[in-house]
$ cat target_28.tsv   # TSV, C-alpha atoms
chain	number	residue	atom	x	y	z
A	1	MET	CA	12.47	-85.16	-14.19
A	2	ALA	CA	13.59	-83.88	-17.59
A	3	GLU	CA	11.06	-81.87	-19.53
A	4	ARG	CA	10.89	-81.54	-23.26
A	5	PHE	CA	11.13	-77.95	-24.33
A	6	GLY	CA	8.32	-76.64	-26.45
A	7	GLY	CA	6.74	-73.23	-26.68
A	8	PRO	CA	4.14	-71.87	-29.08
A	9	TYR	CA	6.80	-71.24	-31.76
A	10	SER	CA	8.62	-74.57	-31.51
A	11	PRO	CA	8.57	-76.61	-34.71
A	12	ASP	CA	6.07	-79.08	-33.36
A	13	ASN	CA	2.89	-78.12	-35.12
A	14	SER	CA	0.60	-80.33	-33.14
A	15	ARG	CA	1.34	-78.30	-30.06
A	16	ARG	CA	0.73	-74.93	-31.56
A	17	GLU	CA	-2.30	-73.17	-30.19
A	18	LYS	CA	-5.17	-73.56	-32.56
A	19	PRO	CA	-6.92	-70.40	-33.70
A	20	GLY	CA	-10.32	-70.05	-32.14
A	21	THR	CA	-9.31	-71.25	-28.70
A	22	PRO	CA	-10.35	-68.72	-26.07
A	23	SER	CA	-7.77	-66.05	-25.44
A	24	ARG	CA	-5.83	-66.87	-22.34
A	25	LYS	CA	-4.28	-64.87	-19.66
A	26	HIS	CA	-0.62	-65.18	-18.99
A	27	PRO	CA	-0.14	-67.77	-16.24
A	28	PHE	CA	1.82	-65.25	-14.17
A	29	GLU	CA	-0.84	-62.57	-14.39
A	30	GLY	CA	-1.62	-61.12	-11.00
A	31	ARG	CA	1.18	-63.08	-9.35
A	32	ARG	CA	3.84	-61.53	-7.22
A	33	PRO	CA	7.19	-62.89	-6.11
A	34	THR	CA	6.71	-64.70	-2.83
A	35	ARG	CA	7.86	-62.89	0.27
A	36	ALA	CA	8.59	-66.15	2.03
A	37	GLY	CA	11.64	-67.05	-0.06
A	38	GLY	CA	15.18	-65.76	-0.22
A	39	ARG	CA	16.01	-63.63	2.73
A	40	VAL	CA	13.55	-65.20	5.12
A	41	ASN	CA	15.32	-68.50	4.59
A	42	MET	CA	18.57	-66.94	5.76
A	43	LEU	CA	17.04	-66.79	9.23
A	44	PHE	CA	17.37	-70.56	9.29
A	45	PHE	CA	21.13	-70.39	8.78
A	46	ALA	CA	22.08	-67.61	11.17
A	47	PRO	CA	21.68	-69.67	14.38
A	48	PHE	CA	23.86	-72.58	13.19
A	49	PRO	CA	27.07	-71.45	14.90
A	50	LEU	CA	25.24	-72.19	18.18
A	51	VAL	CA	25.33	-75.90	17.41
A	52	LEU	CA	29.04	-75.79	16.71
A	53	THR	CA	29.97	-73.87	19.86
A	54	ALA	CA	27.49	-75.69	22.12
A	55	PHE	CA	29.55	-78.85	22.26
A	56	GLY	CA	32.59	-77.07	23.62
A	57	GLU	CA	30.79	-76.29	26.87
A	58	ASN	CA	29.66	-77.89	30.07
A	59	ALA	CA	26.29	-79.62	30.31
A	60	ALA	CA	24.31	-76.55	31.37
A	61	GLY	CA	25.80	-74.36	28.63
A	62	LEU	CA	25.16	-77.09	26.08
A	63	ALA	CA	21.50	-77.37	27.07
A	64	VAL	CA	20.98	-73.60	27.01
A	65	ASP	CA	22.63	-73.26	23.62
A	66	LEU	CA	20.65	-76.06	22.06
A	67	ALA	CA	17.45	-74.58	23.47
A	68	ALA	CA	18.42	-71.22	21.96
A	69	PHE	CA	19.08	-72.90	18.63
A	70	GLY	CA	15.73	-74.66	18.67
A	71	THR	CA	13.87	-71.48	19.61
A	72	LEU	CA	15.52	-69.47	16.83
A	73	ILE	CA	14.78	-72.14	14.21
A	74	LEU	CA	11.18	-72.29	15.40
A	75	ALA	CA	11.01	-68.50	15.13
A	76	ALA	CA	12.38	-68.64	11.57
A	77	TRP	CA	9.82	-71.27	10.63
A	78	LEU	CA	6.98	-69.26	12.16
A	79	THR	CA	8.20	-66.20	10.28
A	80	ARG	CA	8.04	-68.06	7.00
A	81	GLU	CA	4.60	-69.48	7.71
A	82	GLY	CA	3.45	-66.04	8.81
A	83	GLU	CA	4.67	-64.49	5.57
A	84	LEU	CA	2.85	-67.17	3.58
A	85	ALA	CA	-0.35	-66.54	5.51
A	86	HIS	CA	0.04	-62.80	5.06
A	87	GLU	CA	0.51	-63.29	1.35
A	88	ALA	CA	-2.61	-65.44	1.09
A	89	TYR	CA	-4.46	-62.74	3.01
A	90	GLU	CA	-3.30	-60.05	0.61
A	91	ALA	CA	-4.15	-62.10	-2.47
A	92	ARG	CA	-7.79	-62.43	-1.50
A	93	LYS	CA	-10.35	-59.72	-1.66
A	94	VAL	CA	-12.22	-61.09	1.31
A	95	ALA	CA	-10.18	-62.72	4.02
A	96	ARG	CA	-10.30	-63.57	7.63
A	97	ARG	CA	-7.33	-62.72	9.80
A	98	PRO	CA	-4.96	-65.63	10.46
A	99	ALA	CA	-6.07	-67.61	13.53
A	100	ILE	CA	-2.56	-67.57	15.02
A	101	PRO	CA	-0.54	-64.36	14.73
A	102	ARG	CA	2.54	-66.24	13.59
A	103	LYS	CA	4.82	-63.32	12.90
A	104	ILE	CA	4.17	-61.77	16.29
A	105	PHE	CA	4.94	-65.10	17.96
A	106	ALA	CA	8.06	-65.29	15.83
A	107	SER	CA	9.17	-61.85	17.08
A	108	VAL	CA	8.74	-62.99	20.68
A	109	LEU	CA	10.51	-66.29	20.04
A	110	THR	CA	13.41	-64.51	18.36
A	111	GLY	CA	13.77	-62.43	21.50
A	112	VAL	CA	13.69	-65.52	23.70
A	113	GLY	CA	16.16	-67.33	21.45
A	114	LEU	CA	18.64	-64.47	21.51
A	115	PHE	CA	18.28	-64.16	25.28
A	116	LEU	CA	19.10	-67.86	25.66
A	117	GLY	CA	21.93	-67.61	23.12
A	118	GLY	CA	23.61	-64.83	25.08
A	119	PHE	CA	22.84	-66.34	28.46
A	120	ALA	CA	25.58	-68.01	30.44
A	121	PRO	CA	25.05	-69.41	33.94
A	122	GLY	CA	26.60	-67.25	36.61
A	123	VAL	CA	27.07	-64.15	34.44
A	124	SER	CA	24.99	-60.96	34.52
A	125	VAL	CA	21.70	-61.25	32.62
A	126	LEU	CA	21.84	-57.64	31.44
A	127	ASN	CA	23.51	-58.47	28.12
A	128	PRO	CA	21.16	-61.31	27.16
A	129	VAL	CA	18.15	-59.15	28.01
A	130	ILE	CA	19.44	-56.41	25.70
A	131	PHE	CA	20.03	-58.95	22.93
A	132	GLY	CA	16.56	-60.37	23.37
A	133	LEU	CA	14.79	-57.01	23.32
A	134	LEU	CA	16.83	-55.82	20.38
A	135	GLY	CA	16.12	-59.01	18.45
A	136	ALA	CA	12.39	-58.88	19.09
A	137	VAL	CA	12.17	-55.22	18.05
A	138	LEU	CA	14.26	-55.75	14.91
A	139	HIS	CA	12.21	-58.78	13.94
A	140	PHE	CA	9.02	-56.81	14.39
A	141	LEU	CA	10.38	-53.94	12.30
A	142	ALA	CA	11.56	-56.30	9.58
A	143	PHE	CA	8.42	-58.39	9.20
A	144	GLY	CA	5.71	-56.33	10.82
A	145	PRO	CA	2.63	-57.65	12.55
A	146	ASP	CA	0.28	-60.17	11.00
A	147	PRO	CA	-2.93	-58.90	9.54
A	148	LEU	CA	-5.10	-58.53	12.64
A	149	LYS	CA	-8.38	-57.57	11.06
A	150	ASP	CA	-10.77	-59.36	8.77
A	151	LYS	CA	-10.78	-57.82	5.33
A	152	GLY	CA	-13.78	-57.07	3.16
A	153	MET	CA	-16.20	-58.62	5.65
A	154	GLU	CA	-18.31	-55.54	6.30
A	155	GLY	CA	-21.98	-56.14	5.74
A	156	VAL	CA	-21.36	-59.67	4.67
A	157	ASP	CA	-23.25	-62.54	6.13
A	158	ARG	CA	-20.62	-64.44	8.10
A	159	PHE	CA	-22.31	-67.75	7.52
A	160	GLN	CA	-22.38	-67.26	3.76
A	161	GLN	CA	-18.81	-66.02	3.90
A	162	HIS	CA	-17.77	-69.13	5.73
A	163	ARG	CA	-19.45	-71.31	3.13
A	164	VAL	CA	-17.68	-69.46	0.34
A	165	GLY	CA	-14.38	-69.80	2.13
A	166	ARG	CA	-14.86	-73.54	2.49
A	167	ALA	CA	-15.93	-73.96	-1.13
A	168	VAL	CA	-12.91	-72.02	-2.38
A	169	GLU	CA	-10.62	-74.03	-0.13
A	170	GLU	CA	-12.05	-77.21	-1.55
A	171	GLY	CA	-11.56	-75.87	-5.08
A	172	GLU	CA	-7.96	-74.95	-4.33
A	173	LYS	CA	-7.34	-78.48	-3.08
A	174	TYR	CA	-8.59	-79.93	-6.35
A	175	LEU	CA	-6.42	-77.52	-8.31
A	176	ALA	CA	-3.39	-78.48	-6.24
A	177	SER	CA	-3.85	-82.20	-6.82
A	178	MET	CA	-4.45	-81.55	-10.51
A	179	ARG	CA	-1.14	-79.78	-10.69
A	180	GLU	CA	0.58	-82.57	-8.80
A	181	ALA	CA	-0.81	-85.16	-11.20
A	182	ILE	CA	0.19	-83.25	-14.31
A	183	GLN	CA	3.69	-82.67	-12.93
A	184	ARG	CA	4.18	-86.43	-13.14
A	185	VAL	CA	3.64	-86.25	-16.88
A	186	GLY	CA	6.52	-83.78	-17.11
A	187	ASP	CA	5.28	-82.19	-20.32
A	188	ARG	CA	5.74	-78.44	-20.40
A	189	HIS	CA	2.88	-77.85	-22.78
A	190	LEU	CA	0.36	-79.75	-20.67
A	191	ILE	CA	1.62	-78.24	-17.44
A	192	ARG	CA	1.14	-74.81	-18.97
A	193	ARG	CA	-2.35	-75.69	-20.13
A	194	VAL	CA	-3.29	-76.83	-16.63
A	195	GLU	CA	-1.81	-73.64	-15.19
A	196	GLN	CA	-3.93	-71.62	-17.58
A	197	PHE	CA	-6.99	-73.50	-16.51
A	198	GLN	CA	-6.10	-72.80	-12.90
A	199	THR	CA	-5.86	-69.08	-13.62
A	200	THR	CA	-9.34	-69.20	-15.16
A	201	ALA	CA	-10.71	-71.18	-12.21
A	202	ARG	CA	-9.18	-68.72	-9.73
A	203	ASP	CA	-10.88	-65.87	-11.56
A	204	LEU	CA	-14.14	-67.59	-10.73
A	205	PHE	CA	-13.05	-68.09	-7.11
A	206	ARG	CA	-12.31	-64.39	-6.71
A	207	THR	CA	-15.63	-63.44	-8.29
A	208	VAL	CA	-17.52	-65.66	-5.87
A	209	GLU	CA	-15.53	-64.37	-2.91
A	210	GLU	CA	-16.43	-60.86	-3.87
A	211	ASP	CA	-20.14	-61.61	-3.91
A	212	PRO	CA	-21.06	-64.64	-1.78
A	213	ARG	CA	-24.56	-64.68	-3.28
A	214	ASP	CA	-22.93	-66.10	-6.40
A	215	LEU	CA	-22.02	-69.26	-4.55
A	216	THR	CA	-25.25	-71.05	-5.39
A	217	ALA	CA	-24.69	-70.44	-9.07
A	218	ALA	CA	-21.04	-71.44	-8.94
A	219	ARG	CA	-21.23	-74.26	-6.41
A	220	ARG	CA	-21.04	-77.04	-8.98
A	221	TYR	CA	-18.06	-75.42	-10.65
A	222	LEU	CA	-16.11	-75.24	-7.43
A	223	GLY	CA	-17.01	-78.76	-6.40
A	224	VAL	CA	-18.19	-81.38	-8.83
A	225	TYR	CA	-16.60	-80.06	-12.00
A	226	LEU	CA	-13.24	-79.42	-10.41
A	227	MET	CA	-13.35	-82.85	-8.82
A	228	GLY	CA	-14.09	-84.33	-12.23
A	229	ALA	CA	-11.22	-82.35	-13.73
A	230	ARG	CA	-8.90	-83.64	-11.04
A	231	ASP	CA	-9.97	-87.25	-11.54
A	232	ALA	CA	-9.55	-86.92	-15.30
A	233	THR	CA	-6.10	-85.42	-14.82
A	234	VAL	CA	-5.01	-88.23	-12.52
A	235	LYS	CA	-6.30	-90.88	-14.93
A	236	PHE	CA	-4.73	-89.14	-17.89
A	237	ALA	CA	-1.38	-88.91	-16.10
A	238	ASP	CA	-1.52	-92.65	-15.37
A	239	ILE	CA	-2.35	-93.53	-18.96
A	240	TRP	CA	0.10	-91.13	-20.52
A	241	THR	CA	3.06	-92.23	-18.40
A	242	ARG	CA	2.32	-95.85	-19.29
A	243	THR	CA	1.26	-95.78	-22.93
A	244	LYS	CA	1.89	-92.30	-24.37
A	245	ASP	CA	-1.51	-92.59	-26.00
A	246	GLN	CA	-1.82	-89.57	-28.35
A	247	LYS	CA	-5.58	-89.84	-28.51
A	248	ALA	CA	-5.91	-89.68	-24.75
A	249	ARG	CA	-3.75	-86.59	-24.83
A	250	ALA	CA	-5.88	-84.92	-27.48
A	251	ASP	CA	-9.04	-85.81	-25.55
A	252	TYR	CA	-7.57	-84.44	-22.36
A	253	GLU	CA	-6.61	-81.18	-24.04
A	254	THR	CA	-10.09	-80.83	-25.46
A	255	LEU	CA	-11.50	-81.39	-21.99
A	256	LEU	CA	-9.26	-78.66	-20.61
A	257	THR	CA	-10.36	-76.25	-23.32
A	258	ASP	CA	-14.02	-77.06	-22.65
A	259	LEU	CA	-13.59	-76.59	-18.94
A	260	GLU	CA	-11.81	-73.32	-19.44
A	261	THR	CA	-14.49	-72.00	-21.78
A	262	ASN	CA	-17.20	-72.99	-19.32
A	263	PHE	CA	-15.49	-71.52	-16.29
A	264	ALA	CA	-14.80	-68.27	-18.13
A	265	ALA	CA	-18.41	-68.11	-19.30
A	266	ARG	CA	-19.66	-68.68	-15.76
A	267	THR	CA	-17.41	-65.91	-14.44
A	268	ARG	CA	-18.74	-63.59	-17.13
A	269	THR	CA	-22.37	-64.34	-16.22
A	270	LEU	CA	-21.67	-63.72	-12.54
A	271	LEU	CA	-20.04	-60.41	-13.39
A	272	LEU	CA	-23.06	-59.49	-15.53
A	273	ASP	CA	-25.24	-60.12	-12.48
A	274	ASP	CA	-23.07	-57.73	-10.51
A	275	ARG	CA	-23.42	-55.26	-13.34
A	276	SER	CA	-27.20	-55.40	-13.25
A	277	ASP	CA	-27.06	-54.89	-9.47
A	278	LEU	CA	-25.10	-51.72	-10.14
A	279	ASP	CA	-27.62	-50.57	-12.74
A	280	VAL	CA	-30.45	-51.04	-10.25
A	281	GLU	CA	-28.56	-49.07	-7.59
A	282	ILE	CA	-27.91	-46.23	-10.01
A	283	GLU	CA	-31.48	-46.16	-11.21
A	284	VAL	CA	-32.94	-46.10	-7.71
A	285	LEU	CA	-30.66	-43.29	-6.64
A	286	ARG	CA	-31.43	-41.24	-9.74
A	287	ASP	CA	-35.14	-41.74	-9.22
A	288	ARG	CA	-34.88	-40.51	-5.67
A	289	LEU	CA	-32.84	-37.50	-6.68
A	290	ALA	CA	-35.39	-36.71	-9.36
A	291	ARG	CA	-38.13	-36.88	-6.74
A	292	GLU	CA	-36.27	-34.30	-4.69
A	293	GLY	CA	-37.36	-31.89	-7.42
A	294	LEU	CA	-33.98	-31.56	-8.99
A	295	SER	CA	-33.64	-32.35	-12.63
A	296	ILE	CA	-30.32	-32.66	-14.34
A	297	ASN	CA	-29.91	-31.08	-17.74
A	298	GLY	CA	-27.61	-32.42	-20.45
A	299	LYS	CA	-24.58	-30.47	-19.23
A	300	GLY	CA	-24.79	-32.00	-15.79
A	301	GLU	CA	-25.92	-28.79	-14.12
A	302	ALA	CA	-28.73	-28.85	-11.61
A	303	GLN	CA	-31.64	-26.57	-12.38
B	304	MET	CA	10.27	-60.43	1.25
B	305	SER	CA	9.99	-57.10	-0.46
B	306	GLY	CA	9.82	-54.15	1.80
B	307	THR	CA	10.81	-50.64	2.57
B	308	GLY	CA	14.36	-49.60	3.31
B	309	LEU	CA	13.67	-49.69	7.04
B	310	GLN	CA	12.43	-53.26	6.84
B	311	LYS	CA	15.49	-54.33	4.89
B	312	LEU	CA	17.83	-52.58	7.31
B	313	ALA	CA	16.06	-54.14	10.29
B	314	PHE	CA	16.26	-57.54	8.66
B	315	PHE	CA	20.01	-57.37	8.06
B	316	LEU	CA	20.65	-56.03	11.55
B	317	LEU	CA	18.61	-58.89	12.96
B	318	LEU	CA	20.59	-61.37	10.90
B	319	ALA	CA	23.88	-59.85	12.03
B	320	LEU	CA	22.76	-59.82	15.66
B	321	THR	CA	21.63	-63.45	15.51
B	322	PHE	CA	24.87	-64.48	13.92
B	323	TYR	CA	26.93	-62.52	16.42
B	324	VAL	CA	25.11	-63.95	19.44
B	325	ALA	CA	25.21	-67.45	17.96
B	326	ALA	CA	28.89	-67.31	17.17
B	327	THR	CA	30.25	-65.58	20.28
B	328	GLY	CA	27.56	-66.07	22.90
B	329	GLY	CA	27.25	-62.29	22.90
B	330	GLY	CA	30.70	-61.95	24.40
B	331	THR	CA	29.45	-63.19	27.77
B	332	GLY	CA	31.10	-66.55	27.64
B	333	GLY	CA	27.81	-68.20	26.81
B	334	GLY	CA	27.24	-69.24	23.18
$ encode --input "target_28.tsv" --output "structure tokens"
Amino acid sequence: MAERFGGPYSPDNSRREKPGTPSRKHPFEGRRPTRAGGRVNMLFFAPFPLVLTAFGENAAGLAVDLAAFGTLILAAWLTREGELAHEAYEARKVARRPAIPRKIFASVLTGVGLFLGGFAPGVSVLNPVIFGLLGAVLHFLAFGPDPLKDKGMEGVDRFQQHRVGRAVEEGEKYLASMREAIQRVGDRHLIRRVEQFQTTARDLFRTVEEDPRDLTAARRYLGVYLMGARDATVKFADIWTRTKDQKARADYETLLTDLETNFAARTRTLLLDDRSDLDVEIEVLRDRLAREGLSINGKGEAQ
Amino acid sequence: MSGTGLQKLAFFLLLALTFYVAATGGGTGGG
């Protein structure tokens, strides 16, 4: 769908950011280019000659070639999914290892696919075996293993962690459907506003992930408020596509600003809590050191 | 995919190998 161009300096005053709105992060902040694009997709194209040559053969050759093709495409797909999972793992501070080691399976499947591709009935299997081994090793070198360990889970209550994970997942779902709804509107400015809100919301997600004790305080934000935001977005998209009601648009933007301010404030309070935890830790440690009979003078030298 | 030189090299070799096997059957009359 066509989108109307409009940035902060476009001559449409109504869309200019009003002074006094909370300062926003760039929507791309903390993002990285996805590893699952570009070259990984080329893996889908490489096996295509198999389909073309398969039909010039007898029935057995045809079956083997098509099986090889299917295996290689499956391997490519698993590779892409594995890269996506790996990326999600790296983006989070606390993450569980993927349940299925997709990239390792993909390495094995690549080997099997290449074995089948080079296999011909009645001919020595030495060559296909070499192809298969080579393919599996190269795939493993190119994409590496999946993350096999949980990250940041030391000393964390698994049950709490699980609850946080579920809450964040739920929140992400709401954000995704919000984005889908606002895409229908096709208005760059609004899409950007929603993206900004998502960045703010994800800040809160990361803060909660870091300290699962914060979940109780943030629960409503991850659930009810985000659900409300999603419902409002869907309704707004319906109304706007039908009537282009300027008032609805203004109201919706105000809602987004309010939400953003609230989410940011909540994140700040949670971080303050963490800060006071740190202060307590420092104080306790200093007290204990002082009790050891060591006092620290102003220059930091022990006496 | 961003990676080290070795990863890139391995990736392109893998692509070439796949293409070669797919196109020629690995020279065994398969493919």
$ closest_residue --input "target_28.tsv" --among "A:Leu116, A:Leu74, A:Ile100, A:Ala142" --to "Ala313 (chain B)" --atoms "all atoms listed in the file"
A:Ala142
$ atom_distance --input "target_28.tsv" --atom1 "CA of Tyr323 (chain B)" --atom2 "CA of Gly118 (chain A)"
9.6 Å
$ interface_residues --input "target_28.tsv" --of "chain A" --to "chain B" --cutoff "7 Å" --atoms "only C-alpha atoms" --output "MDAnalysis selection string"
chainID A and resid 34:37 39:40 43 46:47 49:50 53:54 61 65 114 117:120 135 138:139 141:143
$ atom_distance --input "target_28.tsv" --atom1 "CA of Arg92 (chain A)" --atom2 "CA of Ala218 (chain A)"
17.7 Å
$ atom_distance --input "target_28.tsv" --atom1 "CA of Phe131 (chain A)" --atom2 "CA of Glu57 (chain A)"
20.8 Å
$ closest_residue --input "target_28.tsv" --among "A:Ala250, A:Ala237, A:Val129, A:Ala201" --to "Tyr225 (chain A)" --atoms "only C-alpha atoms"
A:Ala201
$ closest_residue --input "target_28.tsv" --among "A:Asp238, A:Glu210, A:Asp273, A:Glu83" --to "Asp146 (chain A)" --atoms "only C-alpha atoms"
A:Glu83
